[in-house]
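Right, one structure below, let's go through it.
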Number of protein chains: 2
Amino acid sequence: MQEPVREFVTDMEPAEFRQFGHQIVDWIADYLAHPEQFPVLSQVAPGDIKGQLPTAAPLAGEGMDAILADFERIIVPGITHWNHPAFYAYFAITGSAPGILGEMLAAALNVNGMLWRTSPSATELEQVVLDWLRQMLGLPTSFWGIITDTASVSSMTALAAAREYLDLGIRRQGMAGRPDLPHLRVYISDQTHNSVEKGAILIGVGQENVVKIATDDQFRMRPDLLEAAIQADIAAGYRPMAVTATVGTTSTTSIDPVPQIAQVCQKYGVWLHVDGAYAASAAVIPEWRGILAGVEQADSFVFNPHKWLFTPVDCSVLYCQRPDVLKRAFQLSLDILSNREDDVVTNFMDYGVQLGRRFRALKLWFVLRYYGQQGLAERLAQHIQMAQDFAAWVDASPDWERLAPTPFSTVCFRAQPAALAQDEAGLETLNIALEERINATGRAFLSHTRLGGRYALRLAIGHIRTTPAHIAGVWDLLNRELDLLLERE
Amino acid sequence: MQEPVREFVTDMEPAEFRQFGHQIVDWIADYLAHPEQFPVLSQVAPGDIKGQLPTAAPLAGEGMDAILADFERIIVPGITHWNHPAFYAYFAITGSAPGILGEMLAAALNVNGMLWRTSPSATELEQVVLDWLRQMLGLPTSFWGIITDTASVSSMTALAAAREYLDLGIRRQGMAGRPDLPHLRVYISDQTHNSVEKGAILIGVGQENVVKIATDDQFRMRPDLLEAAIQADIAAGYRPMAVTATVGTTSTTSIDPVPQIAQVCQKYGVWLHVDGAYAASAAVIPEWRGILAGVEQADSFVFNPHKWLFTPVDCSVLYCQRPDVLKRAFQLSLDILSNREDDVVTNFMDYGVQLGRRFRALKLWFVLRYYGQQGLAERLAQHIQMAQDFAAWVDASPDWERLAPTPFSTVCFRAQPAALAQDEAGLETLNIALEERINATGRAFLSHTRLGGRYALRLAIGHIRTTPAHIAGVWDLLNRELDLLLERE
């Protein structure tokens, strides 16, 4: 009996790709034209999506038609629309149109930029756009940059470099079982993003050795307390390893006094890492460059174009003034990846934990060129202006209270009607109810934080499609829902 | 004087997005139809790309026309074409058409799936497709999964969980300055991917505490030597923390004897991590499931759909039988991210270092559905068959020598013409020259490794467009270039 001839199979035919590619582009164009047709916060309940999906992968392949139909029918209702102009939660972000176009090409090229030779354009474009960004932020040429996926990884990488910089033989000998090693100490403020603490735990510093410095009444790290903490630690035989200062903290977007913190770091020889993941974008506005004062003295600095610079997730940038230390911390040779050009090129895999690297510089290049420095600055200034307007409305209203300064485009506030003045428990219940009601409307999505024990609502403006009409709309919505809750209508 | 009215600016108009989106889809369709129009390995010299780009970002925005023209003119020549069917270096990968379509939608939705509520579909689809994959690999239901960006991060995450599992208070107290802590030891083989070593350095284990167990003549870790090393370490007062076994090592794709290694791990209570980043895909072929024998006893297991399962970079999967330990290692509460549904949903940010998470499950879902289990198995079987054919040609030729078994789709071999028999230095020079000449043709891209001191060429088959004609082509090319080098023509 003859064996059946098996046909050789490869990928989808180009014509089919073309057909569905066009269909998807049209879907995206419609989606971006009317993101407001969807509720911002997905209104499904836990398990709703899972329950609609088969419990096993199909044996035979299915058509793209069926897949796209299910995408619309099952997946889209379970999407929280980060593209909705009334997305004000966490930090609003934007995968802008040029950024999406860049991602399409990056996905098609499917480059792994681990080595220079695995796509010279990926490495060199990354070097070029990070130098563009460096100039736009007013940072010195000594700032060497690398793109990572997230600020969490950027900060963790910075901490690993800070540890290597101590020159305690940790790369070779590790940290455990070494009576010669002191406790390593990392200083943050009570407002620092928890990714720094997570990174410190991961690299073996330990949560107890992450010292939270108190902040002032504007949520800024107090340099005097930082210095006192460092002195006390040194006296106790501990080794200060790194300080993280933040320009634009997560809850209130407060700005730590980086110049003074840098002075303390310099005095005690401690690595300074600055987290500007969200707010550093504002330095693209020429008049706002001052927010990065002192950053020129930082050893490392993280900034996320995927937050407030219109670049699709993921794209974080880590700048470092000591790339040699980064390389010492991370480089590991491997026969299979060594090449003759290694001495004259940058192989980005040598500067971080990840070997695999998507071609993220491409979308960033598209975004920077399409809008230009001025176009970006203009959009960022609009966001700041809208936040200032909203803050002024809050300040002017007897029903509302602002709970923190508003240095950028994020407002922390709460309802505080006269009826509940002094009733902290009542105010918390009211504001939680208000947040849930607003989010349940699907017309705006707010998040919350806790400031000095008080439950605060957060309005974070950062989507490219958000206009003054949207801000007026959410203000109306807040007031209307408050009236309903207070049964004032 | 009146302030000039500033026009409010938002994003690109939908019509413009539509126009350029269609243009890009057509470009991609043409590109995928004829990737062979380009040299596989980019032929540019260091600095060539950088030298063509402006030294600063434009002030005013530019048109997409200009950007796309520069993409073709400047960027594409500096691309090493991972889509070329004659890409045989490292591990060949494929961003297949359905995967690219999925990435387009993911970029447009621009979801950050850090929390369940930030897009329930992102979390639940991830859970569903990882369960599909688990079944396809024949793993038990106790395998809990999470998508990460890279195998480097997956393995580092597994090591962090292994450290937490020791219950030595490292999360809280850290590893330094603790006389109570023993040296922590991690066991790999001399063939293990260096990402495991990198991860061990990062989390503070130290390079000296990464014990490289020798392999047998087929490059497989020797379980007897592993057990001896663990016993010696225990006797020395060290604490064995984790063993990494590999199914499909990086150089030769050898398969460590996981069942025996698992026995050793069980006996000494050591965390077993299995790295199947490349080869686990083969288990999708029903008759090949046996390659994962023993993995059901692993504590953690990494597998990369972006390697040999036609999913665009990046997409790595970490399975873990102890998700509670993972969570203990990584969860950190943050006021701004806490929600009422937290007790009944999975928030994937609690299980790894990264807070930000792209919607990677979408492309994986597209790939699994479009090809189906059978379509995937068929393509993988083709790759394995082509490698076996090539290996047979090598074995049958007096000019060539195979340097390792070929369990999957990767062949390690070298030229070994009679004229140079026994001349190891001469053989190395010859094979280096051969590799450079092949790669300089732009018609195939091979990489190399070192096996028992010998310079080996590697032919890794894994691109969806690679056909038997391509394999015959590279075999011809190798023989022709060898003749030229030996001046036999």
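Residue numbers start at 1 in each chain; chains themselves are named A, B, ... in the order of the structure tokens; ligands are numbered from 1 in the order shown.
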
Excluding same-chain residues fewer than 4 positions from Val264 (chain A), what lies within 8 Å of it counting only C-alpha atoms, as an mmCIF file with C-alpha atoms, in the first residue's frame?
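Dumped to result17.cif:
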data_model
loop_
_atom_site.group_PDB
_atom_site.id
_atom_site.type_symbol
_atom_site.label_atom_id
_atom_site.label_comp_id
_atom_site.auth_asym_id
_atom_site.auth_seq_id
_atom_site.Cartn_x
_atom_site.Cartn_y
_atom_site.Cartn_z
ATOM 1 C CA PRO A 223 15.714 65.111 52.056
ATOM 2 C CA LEU A 226 16.568 60.793 53.958
ATOM 3 C CA GLU A 227 19.945 61.984 55.172
ATOM 4 C CA GLN A 260 18.595 68.044 47.298
ATOM 5 C CA TYR A 268 27.238 59.340 50.913
#

Original post:
Residues at most 12 Å from Asp476 (chain A), counting only C-alpha atoms, excluding those fewer than 3 positions away in the same chain, as a ChimeraX atom specification?
Top reply: /A:390,393-394,438,443-444,469-473,479-483

Serialized selection, C-alpha atoms, as an mmCIF file, in the first residue's frame:
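What follows is the written file out.cif:
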data_model
loop_
_atom_site.group_PDB
_atom_site.id
_atom_site.type_symbol
_atom_site.label_atom_id
_atom_site.label_comp_id
_atom_site.auth_asym_id
_atom_site.auth_seq_id
_atom_site.Cartn_x
_atom_site.Cartn_y
_atom_site.Cartn_z
ATOM 1 C CA PHE A 390 -10.852 70.579 36.665
ATOM 2 C CA TRP A 393 -13.734 73.619 39.562
ATOM 3 C CA VAL A 394 -13.130 71.306 42.501
ATOM 4 C CA ILE A 438 -19.540 56.578 37.890
ATOM 5 C CA ARG A 443 -19.265 56.840 30.640
ATOM 6 C CA ALA A 444 -16.104 57.540 32.620
ATOM 7 C CA ALA A 469 -15.888 68.667 26.569
ATOM 8 C CA HIS A 470 -15.017 65.306 28.117
ATOM 9 C CA ILE A 471 -13.686 66.978 31.234
ATOM 10 C CA ALA A 472 -16.820 69.095 31.525
ATOM 11 C CA GLY A 473 -18.800 65.905 31.024
ATOM 12 C CA ASN A 479 -22.085 66.291 40.432
ATOM 13 C CA ARG A 480 -25.185 64.532 39.200
ATOM 14 C CA GLU A 481 -24.255 61.229 40.813
ATOM 15 C CA LEU A 482 -23.396 63.038 44.023
ATOM 16 C CA ASP A 483 -26.825 64.673 44.042
#

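Minimum atom-to-atom distance to Tyr455 (chain B), evaluated using only C-alpha atoms, belongs to A:Ile336 out of A:Met156, A:Val128, A:Ile24, A:Ile336.
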
Subject >> Nearby residues (only C-alpha atoms) at most 12 Å from Leu484 (chain B), same-chain spacing under 6 positions excluded, as a ChimeraX atom specification >> reply: /B:430,433-434,437-438,477-478

Original post:
Could you pull the residues within 12 Å of Ala419 (chain B), counting only C-alpha atoms, minus those fewer than 2 positions along the same chain, as a ChimeraX atom specification?
Top reply: /B:398-400,415-417,421-424,426-427,430,486-488

Can you write out the residues you just picked, keeping N, CA and C atoms, as a PDB file, in the first residue's frame?
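Written out: selection.pdb:
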ATOM      1  N   PRO B 398      31.134  12.409   2.763  1.00  0.00           N
ATOM      2  CA  PRO B 398      32.480  12.324   3.335  1.00  0.00           C
ATOM      3  C   PRO B 398      33.035  13.692   3.733  1.00  0.00           C
ATOM      4  N   ASP B 399      32.432  14.774   3.218  1.00  0.00           N
ATOM      5  CA  ASP B 399      32.934  16.120   3.511  1.00  0.00           C
ATOM      6  C   ASP B 399      32.373  16.710   4.800  1.00  0.00           C
ATOM      7  N   TRP B 400      31.368  16.095   5.380  1.00  0.00           N
ATOM      8  CA  TRP B 400      30.651  16.702   6.497  1.00  0.00           C
ATOM      9  C   TRP B 400      30.525  15.733   7.655  1.00  0.00           C
ATOM     10  N   ALA B 415      31.895  21.063   8.415  1.00  0.00           N
ATOM     11  CA  ALA B 415      32.642  20.521   7.287  1.00  0.00           C
ATOM     12  C   ALA B 415      33.848  19.799   7.860  1.00  0.00           C
ATOM     13  N   GLN B 416      34.124  18.629   7.326  1.00  0.00           N
ATOM     14  CA  GLN B 416      35.305  17.896   7.775  1.00  0.00           C
ATOM     15  C   GLN B 416      35.869  17.126   6.589  1.00  0.00           C
ATOM     16  N   PRO B 417      36.389  17.862   5.626  1.00  0.00           N
ATOM     17  CA  PRO B 417      36.919  17.194   4.432  1.00  0.00           C
ATOM     18  C   PRO B 417      38.153  16.367   4.789  1.00  0.00           C
ATOM     19  N   ALA B 421      41.373  16.196   7.976  1.00  0.00           N
ATOM     20  CA  ALA B 421      41.085  15.266   9.074  1.00  0.00           C
ATOM     21  C   ALA B 421      42.169  15.389  10.137  1.00  0.00           C
ATOM     22  N   GLN B 422      41.749  15.385  11.392  1.00  0.00           N
ATOM     23  CA  GLN B 422      42.656  15.490  12.549  1.00  0.00           C
ATOM     24  C   GLN B 422      43.215  16.898  12.766  1.00  0.00           C
ATOM     25  N   ASP B 423      43.042  17.806  11.802  1.00  0.00           N
ATOM     26  CA  ASP B 423      43.595  19.158  11.964  1.00  0.00           C
ATOM     27  C   ASP B 423      42.528  20.061  12.581  1.00  0.00           C
ATOM     28  N   GLU B 424      42.418  20.025  13.902  1.00  0.00           N
ATOM     29  CA  GLU B 424      41.323  20.751  14.573  1.00  0.00           C
ATOM     30  C   GLU B 424      41.377  22.249  14.301  1.00  0.00           C
ATOM     31  N   GLY B 426      42.684  23.788  11.758  1.00  0.00           N
ATOM     32  CA  GLY B 426      42.323  24.002  10.357  1.00  0.00           C
ATOM     33  C   GLY B 426      40.830  23.862  10.139  1.00  0.00           C
ATOM     34  N   LEU B 427      40.229  22.916  10.823  1.00  0.00           N
ATOM     35  CA  LEU B 427      38.779  22.714  10.689  1.00  0.00           C
ATOM     36  C   LEU B 427      38.012  23.919  11.238  1.00  0.00           C
ATOM     37  N   LEU B 430      38.309  26.736   8.779  1.00  0.00           N
ATOM     38  CA  LEU B 430      37.488  26.419   7.609  1.00  0.00           C
ATOM     39  C   LEU B 430      36.004  26.665   7.893  1.00  0.00           C
ATOM     40  N   LEU B 486      38.001  25.203  -0.604  1.00  0.00           N
ATOM     41  CA  LEU B 486      39.048  24.190  -0.736  1.00  0.00           C
ATOM     42  C   LEU B 486      39.679  24.227  -2.126  1.00  0.00           C
ATOM     43  N   GLU B 487      39.211  25.196  -2.932  1.00  0.00           N
ATOM     44  CA  GLU B 487      39.707  25.358  -4.308  1.00  0.00           C
ATOM     45  C   GLU B 487      39.631  24.042  -5.064  1.00  0.00           C
ATOM     46  N   ARG B 488      38.478  23.408  -4.934  1.00  0.00           N
ATOM     47  CA  ARG B 488      38.304  22.127  -5.619  1.00  0.00           C
ATOM     48  C   ARG B 488      37.621  22.297  -6.963  1.00  0.00           C
TER      49      ARG B 488
END

Original post:
Nearest to Leu337 (chain A): which of B:Gln263, B:Asn194, B:Gln231, B:Ser300 is it, counting only C-alpha atoms?
Top reply: B:Asn194

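Put simply, CA of Arg178 (chain A) is 23.5 Å away from CA of Gln331 (chain A).
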
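Separating CA of Ala56 (chain A) from CA of Trp132 (chain B) is a distance of 5.0 Å.
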
Subject >> Filtered DSSP result for region 148-375 of chain A, state strand (DSSP E or B), as an MDAnalysis selection string >> reply: chainID A and resid 148 184:189 210:213 215 221 239:247 255 271:275 300:303 316:320

Original post:
Near Thr249 (chain A), counting only C-alpha atoms, which residues have an atom at most 12 Å away, once you skip same-chain residues fewer than 2 positions from it, shown as a count of residues only?
Top reply: 40
